[in-house]
file target-v1.cif (mmCIF, C-alpha atoms, pLDDT in the B column; chains and numbers go by the auth columns)
data_query
loop_
_atom_site.group_PDB
_atom_site.id
_atom_site.type_symbol
_atom_site.label_atom_id
_atom_site.label_comp_id
_atom_site.label_asym_id
_atom_site.label_seq_id
_atom_site.Cartn_x
_atom_site.Cartn_y
_atom_site.Cartn_z
_atom_site.B_iso_or_equiv
_atom_site.auth_seq_id
_atom_site.auth_asym_id
ATOM 1 C CA MET A 1 84.239 122.347 93.750 56.00 1437 R
ATOM 2 C CA ALA A 2 86.621 119.577 92.728 89.00 1438 R
ATOM 3 C CA ILE A 3 87.609 117.083 95.389 96.00 1439 R
ATOM 4 C CA GLU A 4 91.247 117.503 96.360 95.00 1440 R
ATOM 5 C CA LEU A 5 93.459 114.938 98.066 98.00 1441 R
ATOM 6 C CA LYS A 6 96.628 117.013 98.074 97.00 1442 R
ATOM 7 C CA ASP A 7 99.517 115.255 99.833 96.00 1443 R
ATOM 8 C CA LEU A 8 97.308 112.577 101.411 98.00 1444 R
ATOM 9 C CA VAL A 9 99.103 109.219 101.489 98.00 1445 R
ATOM 10 C CA CYS A 10 96.610 106.845 99.874 98.00 1446 R
ATOM 11 C CA VAL A 11 97.136 103.097 99.477 98.00 1447 R
ATOM 12 C CA VAL A 12 95.093 101.033 97.002 98.00 1448 R
ATOM 13 C CA THR A 13 95.337 97.239 97.001 98.00 1449 R
ATOM 14 C CA GLY A 14 94.714 95.234 93.851 96.00 1450 R
ATOM 15 C CA ALA A 15 95.892 98.238 91.836 95.00 1451 R
ATOM 16 C CA GLY A 16 97.417 96.453 88.856 91.00 1452 R
ATOM 17 C CA GLU A 17 94.313 96.867 86.712 91.00 1453 R
ATOM 18 C CA GLY A 18 90.587 97.521 86.809 94.00 1454 R
ATOM 19 C CA VAL A 19 88.951 99.506 89.594 96.00 1455 R
ATOM 20 C CA GLY A 20 92.139 99.763 91.631 96.00 1456 R
ATOM 21 C CA HIS A 21 94.115 101.125 88.706 95.00 1457 R
ATOM 22 C CA GLY A 22 91.376 103.661 87.993 96.00 1458 R
ATOM 23 C CA ILE A 23 91.460 104.895 91.591 97.00 1459 R
ATOM 24 C CA VAL A 24 95.244 105.238 91.412 97.00 1460 R
ATOM 25 C CA ARG A 25 95.025 107.351 88.240 96.00 1461 R
ATOM 26 C CA GLY A 26 92.291 109.569 89.649 97.00 1462 R
ATOM 27 C CA PHE A 27 93.926 110.087 93.046 97.00 1463 R
ATOM 28 C CA LEU A 28 97.202 111.077 91.406 97.00 1464 R
ATOM 29 C CA LYS A 29 95.380 113.795 89.475 96.00 1465 R
ATOM 30 C CA ARG A 30 93.888 115.018 92.768 97.00 1466 R
ATOM 31 C CA GLY A 31 97.337 115.532 94.266 97.00 1467 R
ATOM 32 C CA ALA A 32 97.534 112.456 96.497 97.00 1468 R
ATOM 33 C CA ARG A 33 100.731 110.571 97.225 97.00 1469 R
ATOM 34 C CA VAL A 34 99.509 107.234 95.936 98.00 1470 R
ATOM 35 C CA VAL A 35 100.847 103.781 96.752 97.00 1471 R
ATOM 36 C CA ALA A 36 99.673 100.947 94.495 97.00 1472 R
ATOM 37 C CA GLY A 37 99.600 97.470 96.000 96.00 1473 R
ATOM 38 C CA VAL A 38 100.300 94.935 93.245 96.00 1474 R
ATOM 39 C CA LEU A 39 101.028 91.227 93.009 93.00 1475 R
ATOM 40 C CA SER A 40 104.065 91.661 90.757 90.00 1476 R
ATOM 41 C CA LEU A 41 106.412 94.621 90.570 92.00 1477 R
ATOM 42 C CA GLU A 42 107.844 93.349 87.308 86.00 1478 R
ATOM 43 C CA ASN A 43 104.556 93.684 85.450 77.00 1479 R
ATOM 44 C CA SER A 44 102.995 96.649 87.249 80.00 1480 R
ATOM 45 C CA THR A 45 105.584 99.268 88.236 79.00 1481 R
ATOM 46 C CA ALA A 46 105.491 101.099 84.909 79.00 1482 R
ATOM 47 C CA ALA A 47 101.711 100.768 84.628 80.00 1483 R
ATOM 48 C CA VAL A 48 100.998 102.571 87.915 87.00 1484 R
ATOM 49 C CA ALA A 49 103.766 105.183 87.666 87.00 1485 R
ATOM 50 C CA PRO A 50 104.239 107.782 89.031 91.00 1486 R
ATOM 51 C CA ALA A 51 102.505 106.082 91.962 93.00 1487 R
ATOM 52 C CA LEU A 52 104.793 104.031 94.179 94.00 1488 R
ATOM 53 C CA ALA A 53 104.263 100.332 93.478 95.00 1489 R
ATOM 54 C CA VAL A 54 104.683 97.911 96.383 96.00 1490 R
ATOM 55 C CA LYS A 55 104.442 94.141 96.214 96.00 1491 R
ATOM 56 C CA MET A 56 101.436 93.123 98.255 96.00 1492 R
ATOM 57 C CA ASP A 57 99.700 89.754 98.149 97.00 1493 R
ATOM 58 C CA VAL A 58 96.876 90.270 100.642 98.00 1494 R
ATOM 59 C CA THR A 59 96.777 86.542 101.410 98.00 1495 R
ATOM 60 C CA ARG A 60 100.260 86.827 102.970 98.00 1496 R
ATOM 61 C CA THR A 61 100.391 88.490 106.383 98.00 1497 R
ATOM 62 C CA ASP A 62 104.170 88.969 106.241 97.00 1498 R
ATOM 63 C CA GLU A 63 103.994 90.653 102.848 97.00 1499 R
ATOM 64 C CA VAL A 64 101.219 93.026 103.919 98.00 1500 R
ATOM 65 C CA LYS A 65 103.076 93.959 107.103 98.00 1501 R
ATOM 66 C CA ARG A 66 106.314 94.542 105.202 97.00 1502 R
ATOM 67 C CA ALA A 67 104.510 96.753 102.669 97.00 1503 R
ATOM 68 C CA VAL A 68 102.934 98.846 105.440 98.00 1504 R
ATOM 69 C CA ASP A 69 106.301 99.264 107.169 97.00 1505 R
ATOM 70 C CA ASP A 70 107.906 100.335 103.875 97.00 1506 R
ATOM 71 C CA ILE A 71 105.163 102.883 103.182 97.00 1507 R
ATOM 72 C CA ILE A 72 105.468 104.390 106.672 98.00 1508 R
ATOM 73 C CA ALA A 73 109.251 104.531 106.349 97.00 1509 R
ATOM 74 C CA ARG A 74 108.905 106.395 103.058 96.00 1510 R
ATOM 75 C CA HIS A 75 105.981 108.718 103.794 97.00 1511 R
ATOM 76 C CA GLY A 76 105.734 108.814 107.595 97.00 1512 R
ATOM 77 C CA ARG A 77 101.978 108.196 107.623 98.00 1513 R
ATOM 78 C CA ILE A 78 99.065 106.465 105.891 98.00 1514 R
ATOM 79 C CA ASP A 79 95.945 108.591 105.494 98.00 1515 R
ATOM 80 C CA VAL A 80 93.723 106.411 103.313 98.00 1516 R
ATOM 81 C CA TRP A 81 93.645 102.652 102.790 98.00 1517 R
ATOM 82 C CA ILE A 82 91.391 101.141 100.102 98.00 1518 R
ATOM 83 C CA ASN A 83 90.779 97.379 100.316 98.00 1519 R
ATOM 84 C CA ASN A 84 90.144 96.686 96.644 98.00 1520 R
ATOM 85 C CA ALA A 85 92.034 93.421 96.049 97.00 1521 R
ATOM 86 C CA GLY A 86 89.661 90.581 95.268 96.00 1522 R
ATOM 87 C CA ILE A 87 88.841 87.617 93.039 95.00 1523 R
ATOM 88 C CA TYR A 88 85.489 86.432 91.709 91.00 1524 R
ATOM 89 C CA PRO A 89 85.485 82.990 90.041 92.00 1525 R
ATOM 90 C CA ARG A 90 82.029 81.643 89.204 93.00 1526 R
ATOM 91 C CA LEU A 91 80.995 78.280 90.652 95.00 1527 R
ATOM 92 C CA PRO A 92 77.649 76.755 91.720 97.00 1528 R
ATOM 93 C CA ALA A 93 77.347 76.211 95.472 97.00 1529 R
ATOM 94 C CA ASP A 94 76.633 72.487 95.058 97.00 1530 R
ATOM 95 C CA GLU A 95 79.887 72.001 93.158 97.00 1531 R
ATOM 96 C CA MET A 96 82.072 74.051 95.494 97.00 1532 R
ATOM 97 C CA THR A 97 84.848 72.462 97.536 97.00 1533 R
ATOM 98 C CA TRP A 98 86.150 73.690 100.877 97.00 1534 R
ATOM 99 C CA SER A 99 89.416 74.824 99.289 97.00 1535 R
ATOM 100 C CA GLU A 100 87.530 76.858 96.663 97.00 1536 R
ATOM 101 C CA TRP A 101 85.409 78.434 99.402 97.00 1537 R
ATOM 102 C CA ARG A 102 88.470 79.277 101.489 98.00 1538 R
ATOM 103 C CA ARG A 103 90.388 80.731 98.522 97.00 1539 R
ATOM 104 C CA ILE A 104 87.725 83.413 98.022 97.00 1540 R
ATOM 105 C CA LEU A 105 87.359 84.213 101.731 98.00 1541 R
ATOM 106 C CA ASP A 106 91.130 84.250 102.229 98.00 1542 R
ATOM 107 C CA THR A 107 91.543 86.880 99.517 97.00 1543 R
ATOM 108 C CA ASN A 108 88.412 89.031 99.676 98.00 1544 R
ATOM 109 C CA LEU A 109 87.627 89.095 103.390 98.00 1545 R
ATOM 110 C CA ASP A 110 90.670 87.831 105.289 98.00 1546 R
ATOM 111 C CA GLY A 111 92.867 89.863 102.948 98.00 1547 R
ATOM 112 C CA ALA A 112 91.014 93.046 103.862 98.00 1548 R
ATOM 113 C CA TRP A 113 91.397 92.233 107.545 98.00 1549 R
ATOM 114 C CA ARG A 114 95.137 91.548 107.193 98.00 1550 R
ATOM 115 C CA CYS A 115 95.510 95.025 105.733 98.00 1551 R
ATOM 116 C CA CYS A 116 93.393 96.602 108.470 98.00 1552 R
ATOM 117 C CA GLU A 117 95.355 94.790 111.177 98.00 1553 R
ATOM 118 C CA ALA A 118 98.591 96.137 109.720 98.00 1554 R
ATOM 119 C CA VAL A 119 97.504 99.750 109.155 98.00 1555 R
ATOM 120 C CA ILE A 120 95.309 100.450 112.207 98.00 1556 R
ATOM 121 C CA PRO A 121 98.236 100.931 114.641 98.00 1557 R
ATOM 122 C CA GLN A 122 99.664 103.677 112.419 98.00 1558 R
ATOM 123 C CA MET A 123 96.277 105.375 112.022 98.00 1559 R
ATOM 124 C CA LYS A 124 95.853 105.304 115.799 98.00 1560 R
ATOM 125 C CA ARG A 125 99.280 106.882 116.292 98.00 1561 R
ATOM 126 C CA GLN A 126 98.440 109.706 113.905 98.00 1562 R
ATOM 127 C CA GLN A 127 94.907 110.020 115.353 97.00 1563 R
ATOM 128 C CA GLY A 128 93.118 109.729 112.056 98.00 1564 R
ATOM 129 C CA GLY A 129 92.667 107.815 108.831 98.00 1565 R
ATOM 130 C CA VAL A 130 90.183 106.424 106.344 98.00 1566 R
ATOM 131 C CA ILE A 131 89.527 102.783 105.432 98.00 1567 R
ATOM 132 C CA ILE A 132 87.368 102.070 102.377 98.00 1568 R
ATOM 133 C CA ASN A 133 86.259 98.525 101.587 98.00 1569 R
ATOM 134 C CA VAL A 134 85.117 97.573 98.091 98.00 1570 R
ATOM 135 C CA GLY A 135 81.866 95.621 98.184 97.00 1571 R
ATOM 136 C CA SER A 136 79.574 94.508 95.383 96.00 1572 R
ATOM 137 C CA VAL A 137 75.992 94.980 94.246 95.00 1573 R
ATOM 138 C CA THR A 138 75.869 91.189 93.831 94.00 1574 R
ATOM 139 C CA LEU A 139 75.484 90.959 97.609 93.00 1575 R
ATOM 140 C CA ARG A 140 72.170 92.794 97.325 89.00 1576 R
ATOM 141 C CA LEU A 141 71.055 90.851 94.239 92.00 1577 R
ATOM 142 C CA GLY A 142 72.005 87.341 95.406 93.00 1578 R
ATOM 143 C CA MET A 143 73.357 86.320 92.007 92.00 1579 R
ATOM 144 C CA ALA A 144 73.876 82.688 90.997 94.00 1580 R
ATOM 145 C CA ASN A 145 77.225 80.889 91.103 95.00 1581 R
ATOM 146 C CA LEU A 146 78.724 83.388 93.541 96.00 1582 R
ATOM 147 C CA THR A 147 77.891 82.004 96.997 97.00 1583 R
ATOM 148 C CA HIS A 148 81.496 82.210 98.215 97.00 1584 R
ATOM 149 C CA TYR A 149 81.924 85.692 96.710 96.00 1585 R
ATOM 150 C CA LEU A 150 78.667 86.943 98.231 97.00 1586 R
ATOM 151 C CA ALA A 151 79.725 85.631 101.636 98.00 1587 R
ATOM 152 C CA SER A 152 83.039 87.461 101.373 98.00 1588 R
ATOM 153 C CA LYS A 153 81.357 90.743 100.428 97.00 1589 R
ATOM 154 C CA GLY A 154 78.783 90.329 103.180 97.00 1590 R
ATOM 155 C CA GLY A 155 81.640 89.916 105.609 98.00 1591 R
ATOM 156 C CA LEU A 156 83.055 93.240 104.450 98.00 1592 R
ATOM 157 C CA VAL A 157 79.828 94.942 105.523 98.00 1593 R
ATOM 158 C CA GLY A 158 80.264 93.625 109.055 98.00 1594 R
ATOM 159 C CA LEU A 159 83.950 94.528 108.993 98.00 1595 R
ATOM 160 C CA THR A 160 83.108 98.072 107.922 98.00 1596 R
ATOM 161 C CA ARG A 161 80.520 98.609 110.637 98.00 1597 R
ATOM 162 C CA GLY A 162 82.683 97.101 113.354 98.00 1598 R
ATOM 163 C CA LEU A 163 85.723 99.157 112.398 98.00 1599 R
ATOM 164 C CA ALA A 164 83.663 102.345 112.357 98.00 1600 R
ATOM 165 C CA ARG A 165 82.282 101.671 115.829 98.00 1601 R
ATOM 166 C CA ASP A 166 85.578 100.622 117.410 98.00 1602 R
ATOM 167 C CA LEU A 167 87.901 103.135 115.779 98.00 1603 R
ATOM 168 C CA GLY A 168 85.853 106.317 115.575 98.00 1604 R
ATOM 169 C CA LYS A 169 87.281 107.552 118.886 98.00 1605 R
ATOM 170 C CA TYR A 170 90.699 107.656 117.210 98.00 1606 R
ATOM 171 C CA GLY A 171 89.446 109.740 114.295 98.00 1607 R
ATOM 172 C CA ILE A 172 89.449 106.721 111.977 98.00 1608 R
ATOM 173 C CA ARG A 173 86.548 106.338 109.550 98.00 1609 R
ATOM 174 C CA ALA A 174 85.492 103.173 107.680 98.00 1610 R
ATOM 175 C CA ASN A 175 83.042 102.894 104.804 98.00 1611 R
ATOM 176 C CA CYS A 176 82.160 100.436 102.053 98.00 1612 R
ATOM 177 C CA VAL A 177 81.288 100.998 98.390 98.00 1613 R
ATOM 178 C CA HIS A 178 79.067 98.398 96.688 97.00 1614 R
ATOM 179 C CA LEU A 179 79.931 98.605 93.003 96.00 1615 R
ATOM 180 C CA GLY A 180 77.716 97.596 90.116 94.00 1616 R
ATOM 181 C CA ALA A 181 78.955 96.203 86.808 93.00 1617 R
ATOM 182 C CA ILE A 182 82.245 97.954 86.046 93.00 1618 R
ATOM 183 C CA GLN A 183 83.816 97.593 82.616 92.00 1619 R
ATOM 184 C CA THR A 184 87.298 96.343 83.472 89.00 1620 R
ATOM 185 C CA GLU A 185 89.897 94.110 81.891 89.00 1621 R
ATOM 186 C CA GLY A 186 88.746 91.263 84.127 87.00 1622 R
ATOM 187 C CA GLU A 187 85.121 91.700 83.092 86.00 1623 R
ATOM 188 C CA MET A 188 86.066 91.706 79.423 87.00 1624 R
ATOM 189 C CA ARG A 189 87.961 88.448 79.871 91.00 1625 R
ATOM 190 C CA LEU A 190 84.951 86.924 81.605 85.00 1626 R
ATOM 191 C CA PHE A 191 82.350 88.385 79.223 90.00 1627 R
ATOM 192 C CA PRO A 192 83.970 88.910 75.813 88.00 1628 R
ATOM 193 C CA ASP A 193 80.621 89.731 74.169 92.00 1629 R
ATOM 194 C CA GLN A 194 80.465 93.242 75.577 93.00 1630 R
ATOM 195 C CA ASP A 195 77.659 94.380 73.258 93.00 1631 R
ATOM 196 C CA ASN A 196 75.348 91.689 74.596 93.00 1632 R
ATOM 197 C CA LEU A 197 76.374 92.431 78.184 92.00 1633 R
ATOM 198 C CA ARG A 198 75.568 96.102 77.689 93.00 1634 R
ATOM 199 C CA ARG A 199 72.098 95.216 76.388 94.00 1635 R
ATOM 200 C CA ILE A 200 71.468 93.057 79.469 93.00 1636 R
ATOM 201 C CA LEU A 201 72.679 95.761 81.849 93.00 1637 R
ATOM 202 C CA ASP A 202 70.675 98.473 80.106 94.00 1638 R
ATOM 203 C CA GLU A 203 67.535 96.452 80.884 93.00 1639 R
ATOM 204 C CA LYS A 204 68.467 96.029 84.556 93.00 1640 R
ATOM 205 C CA GLN A 205 69.880 99.438 85.440 93.00 1641 R
ATOM 206 C CA SER A 206 67.707 102.489 86.013 94.00 1642 R
ATOM 207 C CA MET A 207 70.199 104.473 83.949 94.00 1643 R
ATOM 208 C CA PRO A 208 71.551 102.712 80.846 95.00 1644 R
ATOM 209 C CA GLY A 209 75.243 102.797 80.052 94.00 1645 R
ATOM 210 C CA ARG A 210 78.434 101.391 81.462 94.00 1646 R
ATOM 211 C CA GLN A 211 80.334 102.220 84.597 94.00 1647 R
ATOM 212 C CA THR A 212 84.109 102.360 84.310 96.00 1648 R
ATOM 213 C CA PRO A 213 86.939 102.701 86.825 95.00 1649 R
ATOM 214 C CA ASP A 214 87.162 106.378 85.891 95.00 1650 R
ATOM 215 C CA THR A 215 83.466 107.120 86.443 96.00 1651 R
ATOM 216 C CA ILE A 216 83.374 105.568 89.914 96.00 1652 R
ATOM 217 C CA GLU A 217 86.691 107.016 91.125 97.00 1653 R
ATOM 218 C CA PRO A 218 85.105 110.281 92.365 97.00 1654 R
ATOM 219 C CA VAL A 219 83.023 108.293 94.871 98.00 1655 R
ATOM 220 C CA PHE A 220 86.209 106.965 96.453 98.00 1656 R
ATOM 221 C CA ALA A 221 87.754 110.429 96.327 98.00 1657 R
ATOM 222 C CA PHE A 222 84.786 111.835 98.264 98.00 1658 R
ATOM 223 C CA LEU A 223 85.005 109.148 100.953 98.00 1659 R
ATOM 224 C CA ALA A 224 88.779 109.628 101.186 98.00 1660 R
ATOM 225 C CA SER A 225 88.504 113.395 101.559 98.00 1661 R
ATOM 226 C CA ALA A 226 87.612 115.673 104.447 97.00 1662 R
ATOM 227 C CA ASP A 227 84.364 116.431 102.602 96.00 1663 R
ATOM 228 C CA SER A 228 83.012 113.168 104.071 98.00 1664 R
ATOM 229 C CA ARG A 229 84.351 113.805 107.579 97.00 1665 R
ATOM 230 C CA ASP A 230 80.961 112.967 109.132 98.00 1666 R
ATOM 231 C CA VAL A 231 80.461 109.727 107.168 98.00 1667 R
ATOM 232 C CA THR A 232 81.502 106.424 108.749 98.00 1668 R
ATOM 233 C CA GLY A 233 80.128 102.895 109.054 98.00 1669 R
ATOM 234 C CA GLN A 234 78.143 103.333 105.844 98.00 1670 R
ATOM 235 C CA CYS A 235 77.672 101.224 102.710 97.00 1671 R
ATOM 236 C CA LEU A 236 77.132 103.223 99.527 96.00 1672 R
ATOM 237 C CA THR A 237 75.790 101.464 96.432 96.00 1673 R
ATOM 238 C CA VAL A 238 77.047 102.817 93.094 96.00 1674 R
ATOM 239 C CA ASP A 239 75.397 100.809 90.318 94.00 1675 R
ATOM 240 C CA ARG A 240 73.420 103.173 88.035 95.00 1676 R
ATOM 241 C CA GLY A 241 70.242 102.114 89.817 95.00 1677 R
ATOM 242 C CA TRP A 242 70.487 98.356 89.297 94.00 1678 R
ATOM 243 C CA SER A 243 69.388 97.651 92.881 92.00 1679 R
ATOM 244 C CA HIS A 244 67.124 99.735 95.105 81.00 1680 R
ATOM 245 C CA ASP A 245 67.753 98.563 98.682 64.00 1681 R
#

call {"tool": "encode", "arguments": {"input": "target-v1.cif", "output": "structure tokens"}}
result
Amino acid sequence: MAIELKDLVCVVTGAGEGVGHGIVRGFLKRGARVVAGVLSLENSTAAVAPALAVKMDVTRTDEVKRAVDDIIARHGRIDVWINNAGIYPRLPADEMTWSEWRRILDTNLDGAWRCCEAVIPQMKRQQGGVIINVGSVTLRLGMANLTHYLASKGGLVGLTRGLARDLGKYGIRANCVHLGAIQTEGEMRLFPDQDNLRRILDEKQSMPGRQTPDTIEPVFAFLASADSRDVTGQCLTVDRGWSHD
């Protein structure tokens, strides 16, 4: 049976491209009322249509709060919030400055918390909701040149478990999805030799082949839907068998 999200108000941050954009497309097809959080309305409104685009820089508390207020004013509720916005510059730990460390944490971890802080009161009022944090398989693998990124994704695990424990009594669920290597616009900019990258991944993954925003969207749909009503505080790894823990 296909997963349906009919009339659920679902918000996806970092929705201008990549994984976030794929979730927006998939959720629209499932009947959700989708809101796409983007950095620039000028460049993204048409791309995410017919989803509602809202300007949302997750490093700005005022902008996140204003976006949440606007969504509630328009739809009256927020059923699903997906913390997808994130950045992942590569840099060795011994060359990293404090400002470079803080930039990653401020976006990937603090940004997720800013969104949670803004949306939790509404989810409590409506006695229900779903928060999904986007993690990374790199946390399990301990990859080089990503110390700040790994720390931010590790923090999301703690955030997920704490939210689940504290908010379950209000009918609010929180889960995390650790994604493997997803073929996105950002990845292609970082690794232009996609044929070589595929060969490397085929050697590492249990199942060869590439993941795309479209292939991983059903995982988010499941966690957003009532089909996962008994699932909270969990971290699900979706990486074609790259890691095994």

call {"tool": "resolve_selection", "arguments": {"input": "target-v1.cif", "expression": "the PyMOL selection byres ((chain R and resi 1481-1492) around 12)", "output": "MDAnalysis selection string"}}
result
chainID R and resid 1445:1454 1456:1465 1467:1480 1493:1507 1510:1511 1519:1521 1543 1547:1548 1550:1551

call {"tool": "closest_residue", "arguments": {"input": "target-v1.cif", "among": "R:Val1573, R:Ile1568, R:Ile1652, R:Leu1672", "to": "Trp1549 (chain R)", "atoms": "only C-alpha atoms"}}
result
R:Ile1568

call {"tool": "atom_distance", "arguments": {"input": "target-v1.cif", "atom1": "CA of Met1559 (chain R)", "atom2": "CA of Ala1509 (chain R)"}}
result
14.2 Å

call {"tool": "closest_residue", "arguments": {"input": "target-v1.cif", "among": "R:Lys1589, R:Arg1513, R:His1680, R:Lys1560", "to": "Ile1540 (chain R)", "atoms": "only C-alpha atoms"}}
result
R:Lys1589

call {"tool": "residues_around", "arguments": {"input": "target-v1.cif", "residues": "Arg1597 (chain R)", "least_positions_apart": "3", "cutoff": "9 Å", "atoms": "all atoms listed in the file", "output": "PyMOL selection string"}}
result
chain R and resi 1592-1594+1600-1602+1610-1612+1668-1671

call {"tool": "resolve_selection", "arguments": {"input": "target-v1.cif", "expression": "the PyMOL selection byres ((chain R and resi 1645) around 12)", "output": "ChimeraX atom specification"}}
result
/R:1616-1619,1630-1631,1633-1644,1646-1648,1651,1675-1678

call {"tool": "closest_residue", "arguments": {"input": "target-v1.cif", "among": "R:Leu1441, R:Ala1587, R:Val1674, R:Val1516", "to": "Ala1529 (chain R)", "atoms": "all atoms listed in the file"}}
result
R:Ala1587

call {"tool": "atom_distance", "arguments": {"input": "target-v1.cif", "atom1": "CA of Arg1576 (chain R)", "atom2": "CA of Asn1544 (chain R)"}}
result
16.8 Å

call {"tool": "atom_distance", "arguments": {"input": "target-v1.cif", "atom1": "CA of Leu1575 (chain R)", "atom2": "CA of Leu1545 (chain R)"}}
result
13.6 Å

call {"tool": "resolve_selection", "arguments": {"input": "target-v1.cif", "expression": "the PyMOL selection byres ((chain R and resi 1524) around 12)", "output": "ChimeraX atom specification"}}
result
/R:1521-1523,1525-1527,1536-1537,1539-1541,1543-1544,1571-1572,1574,1581-1589,1622-1623,1626
